[in-house]
Amino acid sequence: PKAIFLMVGVNDISHDLTAAQVFEQCRSVIDRIRKEAPATKLYVQSLLPINERLTTDKNLVDKSAVVAEVNQKLRHYCQTNHIAYINLFKQFVFHGTYTLQDALTTDGVHLTPMAYKRWAFFLKKFTATAEQS
C-alpha cells in the first residue's frame with residue numbers, strides 16, 4: 001500500500017498490560033511494517049483517550065494515565081526513528097486532562113459518529129500527503 005495509518009494498543013491496556021508492555025507490542029508491529037513494506041508511508045496514530053467514568057469495561061478503570069504513557073513512548077520512538085506520529089489524543093480530551101470528552105463516546109471507549117467525523121477531519125491533511133507520495 002501507499003500508506004498505513006496504524007493505531008493499536010487500547011485493547012492490550014484492558015488486558016492489564018503495563019505501558020511498557022503495550023509499547024513493546026506496538027513497536028514490534030511498527031518494526032515489522034517497516035521491514036516488510038519499506039516503501040509504504042507509515043503514520044502511527046496515538047491511542048485515543050478513554051473516559052473512565054463512562055466505561056462499562058472495568059478493566060479500563062484507572063488506566064487513563066497508562067494510555068497517555070503509551071502515547072509518550074510511541075511519540076518518542078517515532079521521533080527517534082523518523083516515523084510520522086499523529087497525536088489524536090489531544091483532539092479528543094477535555095482540556096488539561098487525560099479524559100475522553102463525554103460527547104465523543106458512547107460508552108467511555110467507543111466513539112460517536114461526531115467523534116469519527118472529527119478523526120476523519122484531522123486525518124485529511126495526512127491522507128492528502130499520502131496520496132501525493
# chains A, B, ... in the order shown; residues from 1 in each chain; ligands from 1
$ select_by_dssp --residues "segment 20-105 of chain A" --states "strand (DSSP E or B)" --output "PyMOL selection string"
chain A and resi 41-45+50+84-86+93+99-100+105
$ write_last_selection --atoms "C-alpha atoms" --output "PDB file, in the first residue's frame"
ATOM      1  CA  LYS A  41       4.486   5.591   4.248  1.00  0.00           C
ATOM      2  CA  LEU A  42       3.689   4.734   7.866  1.00  0.00           C
ATOM      3  CA  TYR A  43       1.604   7.014  10.069  1.00  0.00           C
ATOM      4  CA  VAL A  44       1.464   5.951  13.705  1.00  0.00           C
ATOM      5  CA  GLN A  45      -1.581   7.368  15.442  1.00  0.00           C
ATOM      6  CA  ILE A  50     -10.804   6.765  27.446  1.00  0.00           C
ATOM      7  CA  ALA A  84       5.215  10.126  11.195  1.00  0.00           C
ATOM      8  CA  TYR A  85       3.341  10.362  14.506  1.00  0.00           C
ATOM      9  CA  ILE A  86      -0.190  11.727  14.621  1.00  0.00           C
ATOM     10  CA  VAL A  93      -9.740  15.011  25.643  1.00  0.00           C
ATOM     11  CA  THR A  99     -10.289  12.072  29.789  1.00  0.00           C
ATOM     12  CA  LEU A 100     -12.191  11.440  26.565  1.00  0.00           C
ATOM     13  CA  THR A 105     -18.054   8.457  23.255  1.00  0.00           C
TER      14      THR A 105
END
$ residues_around --residues "segment 120-125 of chain A" --least-positions-apart "5" --cutoff "9 Å" --atoms "only C-alpha atoms" --output "number ranges by chain"
A: 86, 88, 91, 115, 130
$ write_last_selection --atoms "C-alpha atoms" --output "PDB file, in the first residue's frame"
ATOM      1  CA  ILE A  86      -0.190  11.727  14.621  1.00  0.00           C
ATOM      2  CA  LEU A  88      -5.049  12.408  18.067  1.00  0.00           C
ATOM      3  CA  GLN A  91      -8.079  16.350  19.893  1.00  0.00           C
ATOM      4  CA  ALA A 115     -16.038  11.771  17.025  1.00  0.00           C
ATOM      5  CA  ALA A 130      -0.086  10.060   1.441  1.00  0.00           C
TER       6      ALA A 130
END
$ closest_residue --among "A:Leu6, A:Leu48, A:Ala128, A:Ala103" --to "Asp31 of chain A" --atoms "only C-alpha atoms"
A:Leu6
$ closest_residue --among "A:His82, A:His95, A:Lys58, A:Lys63" --to "Ala19 of chain A" --atoms "only C-alpha atoms"
A:Lys63
$ atom_distance --atom1 "atom CA of Leu104 of chain A" --atom2 "atom CA of Lys117 of chain A"
10.1 Å
$ closest_residue --among "A:Lys73, A:Ile30, A:Glu24, A:Thr106" --to "Thr55 of chain A" --atoms "only C-alpha atoms"
A:Thr106
$ closest_residue --among "A:Val22, A:Thr129, A:Pro113, A:Arg118" --to "Glu69 of chain A" --atoms "only C-alpha atoms"
A:Val22
$ atom_distance --atom1 "atom CA of Asp16 of chain A" --atom2 "atom CA of Met114 of chain A"
29.2 Å
$ residues_around --residues "Ser14 of chain A" --least-positions-apart "5" --cutoff "8 Å" --atoms "only C-alpha atoms" --output "PyMOL selection string"
chain A and resi 57+59-60
$ select_by_dssp --residues "segment 38-133 of chain A" --states "helix (DSSP H, G or I)" --output "ChimeraX atom specification"
/A:58-60,64-80,89-92,102-104,113-132
$ closest_residue --among "A:Gln25, A:Ala20, A:Asn11, A:Ser46" --to "Cys78 of chain A" --atoms "only C-alpha atoms"
A:Ser46
$ atom_distance --atom1 "atom CA of Phe92 of chain A" --atom2 "atom CA of Trp119 of chain A"
8.8 Å
$ decode --residues "segment 80-103 of chain A" --atoms "N, CA, C and O atoms" --output "short mmCIF file (atom, residue, chain, number, x, y, z; two decimals), in the first residue's frame"
data_model
loop_
_atom_site.label_atom_id
_atom_site.label_comp_id
_atom_site.auth_asym_id
_atom_site.auth_seq_id
_atom_site.Cartn_x
_atom_site.Cartn_y
_atom_site.Cartn_z
N THR A 80 12.42 9.52 17.16
CA THR A 80 13.78 8.99 17.10
C THR A 80 14.03 8.23 15.80
O THR A 80 15.14 8.25 15.26
N ASN A 81 12.99 7.58 15.28
CA ASN A 81 13.15 6.73 14.10
C ASN A 81 12.55 7.33 12.83
O ASN A 81 12.36 6.63 11.84
N HIS A 82 12.25 8.63 12.87
CA HIS A 82 11.75 9.36 11.70
C HIS A 82 10.49 8.72 11.10
O HIS A 82 10.39 8.50 9.89
N ILE A 83 9.55 8.44 11.97
CA ILE A 83 8.26 7.88 11.59
C ILE A 83 7.21 8.95 11.89
O ILE A 83 7.25 9.58 12.94
N ALA A 84 6.27 9.14 10.98
CA ALA A 84 5.21 10.13 11.19
C ALA A 84 4.34 9.70 12.37
O ALA A 84 3.85 8.57 12.42
N TYR A 85 4.17 10.61 13.33
CA TYR A 85 3.34 10.36 14.51
C TYR A 85 2.20 11.37 14.50
O TYR A 85 2.43 12.57 14.37
N ILE A 86 0.99 10.87 14.62
CA ILE A 86 -0.19 11.73 14.62
C ILE A 86 -0.80 11.72 16.03
O ILE A 86 -1.28 10.68 16.49
N ASN A 87 -0.77 12.87 16.68
CA ASN A 87 -1.29 12.97 18.04
C ASN A 87 -2.79 13.28 18.00
O ASN A 87 -3.19 14.44 17.96
N LEU A 88 -3.59 12.25 18.02
CA LEU A 88 -5.05 12.41 18.07
C LEU A 88 -5.54 12.63 19.49
O LEU A 88 -6.59 13.24 19.69
N PHE A 89 -4.79 12.15 20.45
CA PHE A 89 -5.19 12.19 21.86
C PHE A 89 -5.68 13.57 22.27
O PHE A 89 -6.76 13.72 22.83
N LYS A 90 -4.89 14.59 21.96
CA LYS A 90 -5.23 15.94 22.41
C LYS A 90 -6.48 16.49 21.72
O LYS A 90 -7.09 17.43 22.22
N GLN A 91 -6.88 15.90 20.60
CA GLN A 91 -8.08 16.35 19.89
C GLN A 91 -9.37 15.82 20.53
O GLN A 91 -10.46 16.27 20.20
N PHE A 92 -9.23 14.85 21.45
CA PHE A 92 -10.40 14.15 21.98
C PHE A 92 -10.59 14.31 23.49
O PHE A 92 -11.59 13.86 24.01
N VAL A 93 -9.64 14.90 24.18
CA VAL A 93 -9.74 15.01 25.64
C VAL A 93 -10.34 16.34 26.08
O VAL A 93 -10.33 17.32 25.33
N PHE A 94 -10.86 16.35 27.30
CA PHE A 94 -11.18 17.60 27.95
C PHE A 94 -9.85 18.31 28.18
O PHE A 94 -8.88 17.67 28.61
N HIS A 95 -9.79 19.59 27.91
CA HIS A 95 -8.54 20.36 28.02
C HIS A 95 -7.90 20.15 29.39
O HIS A 95 -8.56 20.25 30.43
N GLY A 96 -6.61 19.83 29.37
CA GLY A 96 -5.85 19.68 30.61
C GLY A 96 -6.05 18.36 31.33
O GLY A 96 -5.62 18.21 32.47
N THR A 97 -6.71 17.40 30.68
CA THR A 97 -6.95 16.10 31.31
C THR A 97 -6.53 14.98 30.36
O THR A 97 -6.13 15.23 29.23
N TYR A 98 -6.68 13.76 30.83
CA TYR A 98 -6.49 12.56 30.00
C TYR A 98 -7.84 11.92 29.67
O TYR A 98 -7.91 10.79 29.24
N THR A 99 -8.94 12.64 29.88
CA THR A 99 -10.29 12.07 29.79
C THR A 99 -10.96 12.37 28.45
O THR A 99 -11.08 13.53 28.06
N LEU A 100 -11.42 11.32 27.80
CA LEU A 100 -12.19 11.44 26.57
C LEU A 100 -13.46 12.24 26.84
O LEU A 100 -14.18 11.98 27.80
N GLN A 101 -13.72 13.22 25.98
CA GLN A 101 -14.91 14.06 26.14
C GLN A 101 -16.18 13.21 26.08
O GLN A 101 -16.31 12.34 25.22
N ASP A 102 -17.10 13.50 26.98
CA ASP A 102 -18.36 12.74 27.07
C ASP A 102 -19.09 12.69 25.73
O ASP A 102 -19.61 11.65 25.34
N ALA A 103 -19.15 13.80 25.03
CA ALA A 103 -19.92 13.88 23.79
C ALA A 103 -19.30 13.07 22.65
O ALA A 103 -19.94 12.87 21.63
#
